[in-house]
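Asker: You'll find model-v9.cif just under this line, and it carries mmCIF, C-alpha atoms and all ligand atoms.
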```cif
data_coords
loop_
_atom_site.group_PDB
_atom_site.id
_atom_site.type_symbol
_atom_site.label_atom_id
_atom_site.label_comp_id
_atom_site.auth_asym_id
_atom_site.auth_seq_id
_atom_site.Cartn_x
_atom_site.Cartn_y
_atom_site.Cartn_z
ATOM 1 C CA MET A 1 21.809 -0.311 6.759
ATOM 2 C CA CYS A 2 20.355 3.066 5.809
ATOM 3 C CA GLN A 3 21.079 6.012 8.096
ATOM 4 C CA PRO A 4 18.134 6.777 10.404
ATOM 5 C CA VAL A 5 16.798 10.330 10.094
ATOM 6 C CA SER A 6 14.096 12.216 11.866
ATOM 7 C CA PRO A 7 10.647 11.709 10.299
ATOM 8 C CA LEU A 8 9.979 14.141 7.473
ATOM 9 C CA SER A 9 6.243 14.044 7.558
ATOM 10 C CA GLY A 10 4.926 13.405 11.040
ATOM 11 C CA ASN A 11 2.477 16.291 11.313
ATOM 12 C CA CYS A 12 0.122 14.785 13.911
ATOM 13 C CA ALA A 13 1.128 15.478 17.481
ATOM 14 C CA GLU A 14 -1.208 12.812 18.850
ATOM 15 C CA ILE A 15 -2.083 9.340 17.720
ATOM 16 C CA ILE A 16 -5.780 8.556 17.589
ATOM 17 C CA SER A 17 -6.877 4.972 17.068
ATOM 18 C CA ARG A 18 -10.121 3.360 16.049
ATOM 19 C CA ASP A 19 -11.109 -0.296 16.344
ATOM 20 C CA ILE A 20 -13.220 -1.283 13.354
ATOM 21 C CA SER A 21 -13.385 -4.812 14.832
ATOM 22 C CA ASP A 22 -11.212 -7.105 16.968
ATOM 23 C CA SER A 23 -9.245 -7.861 13.811
ATOM 24 C CA CYS A 24 -8.979 -4.398 12.283
ATOM 25 C CA LYS A 25 -7.461 -1.315 13.906
ATOM 26 C CA VAL A 26 -6.601 2.011 12.299
ATOM 27 C CA PHE A 27 -4.460 4.887 13.525
ATOM 28 C CA LEU A 28 -4.594 8.575 12.679
ATOM 29 C CA GLY A 29 -0.996 9.732 12.928
ATOM 30 C CA SER A 30 2.409 9.451 11.336
ATOM 31 C CA PHE A 31 3.593 5.939 10.537
ATOM 32 C CA PHE A 32 6.902 6.683 12.274
ATOM 33 C CA ASP A 33 5.203 7.541 15.569
ATOM 34 C CA VAL A 34 2.734 4.652 15.423
ATOM 35 C CA ALA A 35 5.431 2.141 14.452
ATOM 36 C CA HIS A 36 7.640 3.343 17.287
ATOM 37 C CA GLN A 37 4.996 3.592 20.004
ATOM 38 C CA GLN A 38 2.308 1.072 19.178
ATOM 39 C CA ILE A 39 3.414 -1.988 17.213
ATOM 40 C CA LYS A 40 5.608 -4.792 18.491
ATOM 41 C CA HIS A 41 8.709 -5.747 16.523
ATOM 42 C CA HIS A 42 8.503 -8.858 14.322
ATOM 43 C CA SER A 43 4.719 -9.121 14.644
ATOM 44 C CA ILE A 44 3.552 -8.418 11.076
ATOM 45 C CA ASP A 45 3.146 -11.067 8.361
ATOM 46 C CA MET A 46 2.829 -8.793 5.347
ATOM 47 C CA ILE A 47 3.052 -5.071 4.611
ATOM 48 C CA PHE A 48 1.591 -3.257 1.634
ATOM 49 C CA ALA A 49 3.067 0.235 1.384
ATOM 50 C CA ASP A 50 1.973 2.871 -1.103
ATOM 51 C CA PRO A 51 4.169 5.775 0.012
ATOM 52 C CA PRO A 52 4.060 9.318 -1.419
ATOM 53 C CA TYR A 53 5.147 9.321 -5.077
ATOM 54 C CA ASN A 54 6.841 12.724 -4.771
ATOM 55 C CA LEU A 55 5.465 13.638 -8.188
ATOM 56 C CA SER A 56 3.419 16.720 -7.280
ATOM 57 C CA ASN A 57 5.523 19.308 -9.108
ATOM 58 C CA ASP A 58 2.819 21.688 -10.420
ATOM 59 C CA GLY A 59 2.753 19.946 -13.833
ATOM 60 C CA PHE A 60 -0.330 18.946 -15.838
ATOM 61 C CA THR A 61 -1.920 15.728 -16.967
ATOM 62 C CA CYS A 62 -5.079 14.962 -18.948
ATOM 63 C CA LYS A 63 -8.342 13.925 -17.249
ATOM 64 C CA SER A 64 -11.624 13.472 -19.139
ATOM 65 C CA GLY A 65 -10.054 15.270 -22.123
ATOM 66 C CA ARG A 66 -9.022 18.336 -20.082
ATOM 67 C CA ALA A 67 -5.761 19.624 -18.600
ATOM 68 C CA HIS A 68 -5.616 18.730 -14.910
ATOM 69 C CA SER A 69 -2.961 19.505 -12.278
ATOM 70 C CA VAL A 70 -0.804 16.500 -11.344
ATOM 71 C CA ASN A 71 -0.654 17.745 -7.748
ATOM 72 C CA LYS A 72 -2.035 15.197 -5.300
ATOM 73 C CA GLY A 73 -1.493 17.281 -2.167
ATOM 74 C CA GLU A 74 1.291 18.681 0.022
ATOM 75 C CA TRP A 75 1.994 15.142 1.290
ATOM 76 C CA ASP A 76 3.162 14.206 -2.213
ATOM 77 C CA ARG A 77 5.656 17.049 -2.847
ATOM 78 C CA SER A 78 9.267 16.126 -3.447
ATOM 79 C CA HIS A 79 11.819 17.440 -0.935
ATOM 80 C CA GLY A 80 14.675 16.806 -3.354
ATOM 81 C CA PHE A 81 16.513 13.610 -4.186
ATOM 82 C CA GLU A 82 18.480 13.238 -0.938
ATOM 83 C CA GLU A 83 15.565 13.971 1.399
ATOM 84 C CA ASP A 84 13.173 11.748 -0.553
ATOM 85 C CA PHE A 85 15.702 8.909 -0.429
ATOM 86 C CA ARG A 86 16.200 9.370 3.319
ATOM 87 C CA PHE A 87 12.427 9.269 3.828
ATOM 88 C CA HIS A 88 12.160 5.979 1.912
ATOM 89 C CA CYS A 89 15.152 4.510 3.784
ATOM 90 C CA GLU A 90 13.603 5.440 7.096
ATOM 91 C CA TRP A 91 10.130 3.970 6.565
ATOM 92 C CA ILE A 92 11.619 0.821 5.022
ATOM 93 C CA ALA A 93 13.923 0.376 8.040
ATOM 94 C CA ALA A 94 10.912 0.733 10.344
ATOM 95 C CA CYS A 95 9.024 -1.888 8.310
ATOM 96 C CA ALA A 96 11.973 -4.308 8.559
ATOM 97 C CA ASN A 97 11.705 -4.087 12.370
ATOM 98 C CA LEU A 98 7.960 -4.739 12.363
ATOM 99 C CA LEU A 99 7.957 -7.647 9.903
ATOM 100 C CA LYS A 100 8.422 -11.247 10.944
ATOM 101 C CA LYS A 101 11.611 -12.838 9.600
ATOM 102 C CA ASN A 102 9.804 -14.520 6.713
ATOM 103 C CA GLY A 103 7.367 -11.635 6.303
ATOM 104 C CA THR A 104 7.163 -9.774 3.023
ATOM 105 C CA LEU A 105 6.836 -6.145 1.999
ATOM 106 C CA TRP A 106 5.105 -4.793 -1.089
ATOM 107 C CA VAL A 107 5.945 -1.278 -2.277
ATOM 108 C CA SER A 108 3.990 0.471 -4.970
ATOM 109 C CA GLY A 109 5.119 3.502 -6.950
ATOM 110 C CA THR A 110 5.843 5.238 -10.225
ATOM 111 C CA TYR A 111 9.277 6.029 -11.666
ATOM 112 C CA HIS A 112 9.359 9.127 -9.423
ATOM 113 C CA SER A 113 9.702 6.952 -6.323
ATOM 114 C CA ILE A 114 10.066 3.271 -7.127
ATOM 115 C CA TYR A 115 13.786 3.261 -7.975
ATOM 116 C CA LEU A 116 14.583 5.047 -4.703
ATOM 117 C CA CYS A 117 12.423 2.511 -2.853
ATOM 118 C CA GLY A 118 14.111 -0.416 -4.642
ATOM 119 C CA THR A 119 17.559 0.898 -3.713
ATOM 120 C CA ALA A 120 16.466 1.522 -0.116
ATOM 121 C CA LEU A 121 15.076 -2.033 0.109
ATOM 122 C CA GLN A 122 18.374 -3.504 -1.045
ATOM 123 C CA LYS A 123 20.405 -1.297 1.323
ATOM 124 C CA GLN A 124 18.190 -2.495 4.161
ATOM 125 C CA GLY A 125 18.900 -6.148 3.252
ATOM 126 C CA PHE A 126 15.550 -7.130 1.769
ATOM 127 C CA HIS A 127 15.550 -9.917 -0.796
ATOM 128 C CA ILE A 128 13.570 -8.839 -3.869
ATOM 129 C CA LEU A 129 11.178 -11.548 -5.043
ATOM 130 C CA ASN A 130 9.436 -9.823 -7.938
ATOM 131 C CA ASP A 131 8.726 -6.505 -9.527
ATOM 132 C CA VAL A 132 5.192 -6.468 -10.826
ATOM 133 C CA CYS A 133 3.995 -4.182 -13.594
ATOM 134 C CA TRP A 134 0.448 -2.956 -12.919
ATOM 135 C CA PHE A 135 -0.760 -2.037 -16.424
ATOM 136 C CA LYS A 136 -3.720 0.383 -16.436
ATOM 137 C CA PRO A 137 -5.667 -0.092 -19.677
ATOM 138 C CA ASN A 138 -7.672 3.101 -18.985
ATOM 139 C CA ALA A 139 -4.709 5.381 -18.102
ATOM 140 C CA SER A 140 -4.874 9.069 -19.079
ATOM 141 C CA PRO A 141 -3.315 10.073 -22.421
ATOM 142 C CA ASN A 142 -0.127 12.171 -22.526
ATOM 143 C CA LEU A 143 -0.836 15.863 -23.247
ATOM 144 C CA SER A 144 2.578 16.932 -24.518
ATOM 145 C CA CYS A 145 2.843 14.208 -27.174
ATOM 146 C CA ARG A 146 6.626 14.328 -26.593
ATOM 147 C CA MET A 147 6.848 11.037 -24.695
ATOM 148 C CA PHE A 148 4.957 7.786 -24.170
ATOM 149 C CA ALA A 149 1.692 7.883 -22.239
ATOM 150 C CA ALA A 150 2.467 6.615 -18.740
ATOM 151 C CA SER A 151 0.164 3.653 -18.198
ATOM 152 C CA HIS A 152 1.684 1.513 -15.475
ATOM 153 C CA GLU A 153 2.916 1.503 -11.909
ATOM 154 C CA THR A 154 5.497 -0.846 -10.436
ATOM 155 C CA LEU A 155 5.106 -2.962 -7.339
ATOM 156 C CA ILE A 156 8.175 -4.460 -5.699
ATOM 157 C CA TRP A 157 7.654 -7.550 -3.562
ATOM 158 C CA ALA A 158 10.486 -8.371 -1.152
ATOM 159 C CA ARG A 159 11.218 -10.712 1.745
ATOM 160 C CA ASN A 160 12.585 -9.324 5.007
ATOM 161 C CA ALA A 161 15.301 -11.984 5.351
ATOM 162 C CA PRO A 162 17.811 -12.862 2.610
ATOM 163 C CA ASN A 163 17.012 -16.559 3.074
ATOM 164 C CA GLY A 164 13.840 -18.165 4.344
ATOM 165 C CA LYS A 165 10.382 -19.325 3.437
ATOM 166 C CA HIS A 166 7.850 -16.664 2.558
ATOM 167 C CA THR A 167 4.156 -17.183 1.842
ATOM 168 C CA PHE A 168 3.242 -17.504 -1.837
ATOM 169 C CA ASN A 169 -0.136 -18.995 -2.696
ATOM 170 C CA TYR A 170 0.882 -20.296 -6.082
ATOM 171 C CA ASP A 171 -2.281 -22.275 -6.842
ATOM 172 C CA SER A 172 -4.693 -19.486 -5.918
ATOM 173 C CA MET A 173 -2.824 -17.187 -8.284
ATOM 174 C CA LYS A 174 -2.717 -19.772 -11.066
ATOM 175 C CA ASN A 175 -6.442 -20.460 -10.767
ATOM 176 C CA MET A 176 -7.605 -16.904 -10.069
ATOM 177 C CA VAL A 177 -10.366 -15.750 -12.394
ATOM 178 C CA CYS A 178 -9.364 -12.314 -13.752
ATOM 179 C CA GLU A 179 -12.050 -11.375 -16.242
ATOM 180 C CA LYS A 180 -10.709 -7.928 -17.115
ATOM 181 C CA ASP A 181 -7.099 -9.097 -17.498
ATOM 182 C CA LYS A 182 -6.293 -10.114 -21.082
ATOM 183 C CA ILE A 183 -2.751 -11.073 -20.038
ATOM 184 C CA LYS A 184 -3.823 -13.720 -17.489
ATOM 185 C CA ASN A 185 -4.467 -17.060 -19.168
ATOM 186 C CA PRO A 186 -7.070 -19.061 -17.203
ATOM 187 C CA GLY A 187 -5.454 -21.940 -15.282
ATOM 188 C CA LYS A 188 -1.894 -20.839 -16.195
ATOM 189 C CA GLN A 189 0.777 -19.352 -13.934
ATOM 190 C CA MET A 190 0.189 -15.772 -12.840
ATOM 191 C CA ARG A 191 2.757 -13.587 -14.575
ATOM 192 C CA SER A 192 4.312 -10.394 -13.297
ATOM 193 C CA VAL A 193 2.269 -8.093 -15.573
ATOM 194 C CA TRP A 194 -1.225 -7.437 -14.227
ATOM 195 C CA MET A 195 -3.838 -5.670 -16.330
ATOM 196 C CA ILE A 196 -6.215 -3.937 -13.937
ATOM 197 C CA PRO A 197 -8.243 -0.747 -14.549
ATOM 198 C CA THR A 198 -8.017 2.195 -12.137
ATOM 199 C CA PRO A 199 -10.799 2.238 -9.481
ATOM 200 C CA SER A 200 -14.339 2.447 -10.787
ATOM 201 C CA LYS A 201 -16.821 5.114 -9.610
ATOM 202 C CA SER A 202 -18.474 2.562 -7.333
ATOM 203 C CA GLU A 203 -15.167 2.037 -5.484
ATOM 204 C CA LYS A 204 -14.954 5.808 -4.958
ATOM 205 C CA CYS A 205 -18.551 6.310 -3.851
ATOM 206 C CA MET A 206 -17.608 7.067 -0.225
ATOM 207 C CA GLY A 207 -15.210 9.895 -1.045
ATOM 208 C CA ASN A 208 -12.187 10.862 -3.071
ATOM 209 C CA HIS A 209 -8.546 9.963 -2.583
ATOM 210 C CA PRO A 210 -6.278 11.101 -5.452
ATOM 211 C CA THR A 211 -4.233 7.892 -5.534
ATOM 212 C CA GLN A 212 -6.769 5.287 -4.425
ATOM 213 C CA LYS A 213 -5.735 1.800 -5.542
ATOM 214 C CA PRO A 214 -8.217 -0.625 -7.120
ATOM 215 C CA VAL A 215 -9.601 -3.415 -4.948
ATOM 216 C CA ASP A 216 -8.628 -5.916 -7.673
ATOM 217 C CA LEU A 217 -4.955 -4.923 -7.360
ATOM 218 C CA LEU A 218 -4.921 -5.411 -3.592
ATOM 219 C CA LYS A 219 -6.846 -8.660 -3.963
ATOM 220 C CA ARG A 220 -3.913 -10.161 -5.874
ATOM 221 C CA VAL A 221 -1.393 -8.764 -3.405
ATOM 222 C CA VAL A 222 -3.258 -9.994 -0.327
ATOM 223 C CA LEU A 223 -4.332 -13.400 -1.639
ATOM 224 C CA SER A 224 -0.913 -14.224 -3.102
ATOM 225 C CA SER A 225 1.242 -13.382 -0.118
ATOM 226 C CA SER A 226 -0.828 -13.901 3.044
ATOM 227 C CA ASN A 227 -3.073 -16.508 4.618
ATOM 228 C CA GLU A 228 -6.341 -16.224 6.531
ATOM 229 C CA GLY A 229 -5.700 -14.846 10.018
ATOM 230 C CA ASP A 230 -2.365 -13.236 9.014
ATOM 231 C CA LEU A 231 -1.706 -9.701 10.187
ATOM 232 C CA ILE A 232 -1.325 -7.123 7.410
ATOM 233 C CA LEU A 233 -0.036 -3.573 7.888
ATOM 234 C CA ASP A 234 -0.525 -0.576 5.596
ATOM 235 C CA PRO A 235 1.711 2.284 6.806
ATOM 236 C CA PHE A 236 0.287 4.807 4.273
ATOM 237 C CA MET A 237 -3.336 3.685 4.339
ATOM 238 C CA GLY A 238 -4.957 6.503 2.313
ATOM 239 C CA SER A 239 -8.563 5.543 1.605
ATOM 240 C CA GLY A 240 -8.087 2.097 3.181
ATOM 241 C CA THR A 241 -8.098 -0.176 0.115
ATOM 242 C CA THR A 242 -5.680 -2.691 1.669
ATOM 243 C CA GLY A 243 -7.862 -2.890 4.767
ATOM 244 C CA VAL A 244 -11.040 -3.396 2.757
ATOM 245 C CA VAL A 245 -9.473 -6.395 1.024
ATOM 246 C CA ALA A 246 -7.998 -7.713 4.291
ATOM 247 C CA VAL A 247 -11.422 -7.551 5.941
ATOM 248 C CA ASN A 248 -13.121 -9.180 2.938
ATOM 249 C CA TYR A 249 -10.698 -12.113 2.974
ATOM 250 C CA GLY A 250 -10.340 -12.833 6.703
ATOM 251 C CA ARG A 251 -6.946 -11.223 7.316
ATOM 252 C CA ARG A 252 -6.227 -9.040 10.353
ATOM 253 C CA PHE A 253 -5.338 -5.434 9.578
ATOM 254 C CA ILE A 254 -3.556 -2.410 10.996
ATOM 255 C CA GLY A 255 -3.692 0.795 8.940
ATOM 256 C CA ILE A 256 -2.015 4.158 9.532
ATOM 257 C CA GLU A 257 -2.854 7.480 7.866
ATOM 258 C CA LYS A 258 -1.727 10.953 8.867
ATOM 259 C CA ASP A 259 -4.411 13.002 7.074
ATOM 260 C CA SER A 260 -7.697 13.180 9.001
ATOM 261 C CA GLY A 261 -9.872 13.511 5.859
ATOM 262 C CA PHE A 262 -8.365 10.369 4.310
ATOM 263 C CA PHE A 263 -8.484 8.607 7.684
ATOM 264 C CA ASN A 264 -12.230 9.273 7.963
ATOM 265 C CA LEU A 265 -12.765 8.004 4.417
ATOM 266 C CA ALA A 266 -10.862 4.800 5.261
ATOM 267 C CA VAL A 267 -12.930 4.321 8.428
ATOM 268 C CA LYS A 268 -16.155 4.612 6.388
ATOM 269 C CA ARG A 269 -14.941 2.102 3.812
ATOM 270 C CA LEU A 270 -13.697 -0.330 6.460
ATOM 271 C CA GLU A 271 -16.901 -0.134 8.497
ATOM 272 C CA ASP A 272 -18.860 -0.832 5.340
ATOM 273 C CA ALA A 273 -16.607 -3.787 4.427
ATOM 274 C CA TYR A 274 -16.812 -5.134 7.976
ATOM 275 C CA GLY A 275 -20.611 -4.799 8.008
ATOM 276 C CA SER A 276 -20.869 -6.723 4.753
ATOM 277 C CA HIS A 277 -18.447 -9.471 5.654
ATOM 278 C CA VAL A 278 -18.833 -9.758 9.399
ATOM 279 C CA LYS A 279 -19.500 -13.486 9.307
ATOM 280 C CA ASN A 280 -16.248 -14.208 7.494
ATOM 281 C CA ILE A 281 -13.946 -12.388 9.868
ATOM 282 C CA SER A 282 -11.499 -14.537 11.810
ATOM 283 C CA ASN A 283 -11.970 -14.654 15.583
ATOM 284 C CA SER A 284 -8.335 -13.884 16.317
ATOM 285 C CA ASN A 285 -7.388 -10.324 17.266
ATOM 286 C CA ASN A 286 -4.522 -7.840 17.342
ATOM 287 C CA LYS A 287 -4.223 -7.453 21.098
ATOM 288 C CA ASN A 288 -1.071 -9.547 21.424
ATOM 289 C CA VAL A 289 0.937 -7.472 18.935
ATOM 290 C CA LEU A 290 0.079 -3.958 20.054
ATOM 291 C CA LYS A 291 2.209 -2.380 22.786
ATOM 292 C CA LYS A 292 0.327 -0.950 25.722
HETATM 293 C C1 LIG B 301 -0.185 7.058 -2.219
HETATM 294 S S1 LIG B 301 -1.299 7.384 -0.916
HETATM 295 C C2 LIG B 301 -1.959 5.796 -0.445
HETATM 296 C C3 LIG B 301 -3.238 5.453 -1.178
HETATM 297 C C4 LIG B 301 -3.845 4.122 -0.724
HETATM 298 N N1 LIG B 301 -3.031 2.991 -1.153
HETATM 299 C C5 LIG B 301 -5.275 3.959 -1.216
HETATM 300 O O1 LIG B 301 -5.600 2.940 -1.875
HETATM 301 O O2 LIG B 301 -6.083 4.848 -0.957
HETATM 302 C C6 LIG B 301 -0.197 7.759 0.398
HETATM 303 C C7 LIG B 301 -0.872 8.202 1.678
HETATM 304 O O3 LIG B 301 0.110 8.284 2.700
HETATM 305 C C8 LIG B 301 -0.247 9.313 3.598
HETATM 306 N N2 LIG B 301 1.000 9.663 4.327
HETATM 307 C C9 LIG B 301 2.062 10.385 3.890
HETATM 308 N N3 LIG B 301 3.038 10.409 4.821
HETATM 309 C C10 LIG B 301 2.591 9.654 5.872
HETATM 310 C C11 LIG B 301 3.146 9.275 7.122
HETATM 311 N N4 LIG B 301 4.358 9.700 7.496
HETATM 312 N N5 LIG B 301 2.424 8.489 7.945
HETATM 313 C C12 LIG B 301 1.187 8.046 7.577
HETATM 314 N N6 LIG B 301 0.592 8.386 6.406
HETATM 315 C C13 LIG B 301 1.297 9.174 5.549
HETATM 316 C C14 LIG B 301 -0.819 10.398 2.707
HETATM 317 O O4 LIG B 301 -1.672 11.285 3.422
HETATM 318 C C15 LIG B 301 -1.570 9.569 1.654
HETATM 319 O O5 LIG B 301 -2.931 9.409 1.975
#
```
Show me this structure written as structure tokens.
Answerer:
Amino acid sequence: MCQPVSPLSGNCAEIISRDISDSCKVFLGSFFDVAHQQIKHHSIDMIFADPPYNLSNDGFTCKSGRAHSVNKGEWDRSHGFEEDFRFHCEWIAACANLLKKNGTLWVSGTYHSIYLCGTALQKQGFHILNDVCWFKPNASPNLSCRMFAASHETLIWARNAPNGKHTFNYDSMKNMVCEKDKIKNPGKQMRSVWMIPTPSKSEKCMGNHPTQKPVDLLKRVVLSSSNEGDLILDPFMGSGTTGVVAVNYGRRFIGIEKDSGFFNLAVKRLEDAYGSHVKNISNSNNKNVLKK
């Protein structure tokens, strides 16, 4: 077990919640506070977590042919190796309490964070099922020309219990049509390298989040490892991509975000997704898993 520590990043004194629908609820606040105060233990089927990368170190990258700061925001600054590792241990321990026994956790990150997360997962007793390479064919070039151009992120997929039966929708993955993915052979097993471009302008039309994930990436995550009506949690919701996909595919959703600007962006995207897909949403609701 990892040592519990006090939350590093809970900067919202109050928790504000918003019901997008009976099946979709979002919280403005720190994940640690919401997890502790609002969500019942062992109630969540699947978690997708995209925690801070801790890569905002005042360096530069290349965007549209120009030098561009790598800084994503204060929330993404590193607090040093030990503190970053404690942060990852703490949120992963909280997720273990919220997940059902056979529930699974996805963690997404770059080399700045993903090895710490992988170690924290193993310390916590998670059983790692896969690490998936998300290859970005349109990634930015490297400006220094002294190393390879970073063009992938890693997703770790792990089961809460060492033994057990987790959800994996093998056939849907095998038969998924992935037009932009030259690695996926139609009708053949889905491999652990996914070729998916970064979000298009149309996916960002409601506002900007510096690390917004593509809908196509979350579609594979959600459809592979959850079923209709399952309850999905995103502890670091950002612009709400996980929720948009959950709503589109009839999953229930709880999202948490501590920044009010990003929270408002997620609400807009979720309301839009809900409006478009209202007929497909499952009738079940979250009431029986939220503490009150
Ligand atoms: C890497 S981004 C997630 C991006 C998201 N997957 C998307 O598609 O937009 C991480 C997010 O976590 C939020 N965050 C950081 N610490 C948090 C905490 N303790 N509780 C809740 N949200 C937090 C940040 O404000 C940021 O929006």
Asker: For ligand LIG 301 (chain B), which residue out of A:Lys291, A:His277, A:Lys258, A:Lys188 is the nearest one, using all atoms listed in the file?
Answerer: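 Nearest candidate to ligand LIG 301 (chain B) out of A:Lys291, A:His277, A:Lys258, A:Lys188: A:Lys258.
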Asker: Suppose a student applies the PyMOL selection byres (((chain A and resi 37) around 12) and not hetatm) to this structure; what residues should they get, written as a list in words?
Answerer: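 The output of the PyMOL selection byres (((chain A and resi 37) around 12) and not hetatm) on this file is Glu14, Ile15, Phe27, Gly29, Ser30, Phe31, Phe32, Asp33, Val34, Ala35, His36, Gln38, Ile39, Lys40, His41, Ala94, Leu98, Val289, Leu290, Lys291 and Lys292 of chain A.
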Asker: Given 6 Å on each side, where is the centre and what are the edge lengths in Å to one decimal of the axis-aligned box enclosing the listed atoms of ligand LIG 301 (chain B), as lines of an AutoDock Vina configuration file?
Answerer:
```
center_x = -0.9
center_y = 7.1
center_z = 2.9
size_x = 22.4
size_y = 20.3
size_z = 22.2
```
Asker: Check every protein, DNA and RNA residue against ligand LIG 301 (chain B), keep those with an atom at most 7 Å away (counting only C-alpha atoms and all ligand atoms), and present them as a PyMOL selection string.
Answerer: chain A and resi 9-10+29-32+50-53+75+209+211-214+235-242+256-259+262
Asker: Please work out which residues fall within 7 Å of (12.8, -8.0, 4.9), coordinates as given in the file, with all atoms listed in the file counting, and return them as an MDAnalysis selection string.
Answerer: chainID A and resid 96 99 101 103:105 125:127 158:161
Asker: Which of these, A:Ser108, A:Ser192, A:Ser202, A:Asn138, has the shortest distance to Lys63 in chain A once you count all atoms listed in the file?
Answerer: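 Of the candidates, the smallest distance to Lys63 in chain A is held by A:Asn138.
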Asker: With distances taken over all atoms listed in the file, which of A:Glu90, A:Ser226, A:Asn264, A:Leu231 is nearest to Arg252 in chain A?
Answerer: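 Checking each candidate against Arg252 in chain A, we get A:Leu231 as the closest.
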Asker: CA of Ile196 in chain A to CA of Val132 in chain A: how many Å, to one decimal?
Answerer: 12.1 Å
Asker: Name every residue that the PyMOL selection byres (((chain A and resi 245-250) around 9) and not hetatm) selects in this structure, writing the answer as a ChimeraX atom specification with chains first and numbers rising.
Answerer: /A:23-24,215-216,218-219,222-223,227-232,240-244,251-253,270,273-274,276-278,280-282
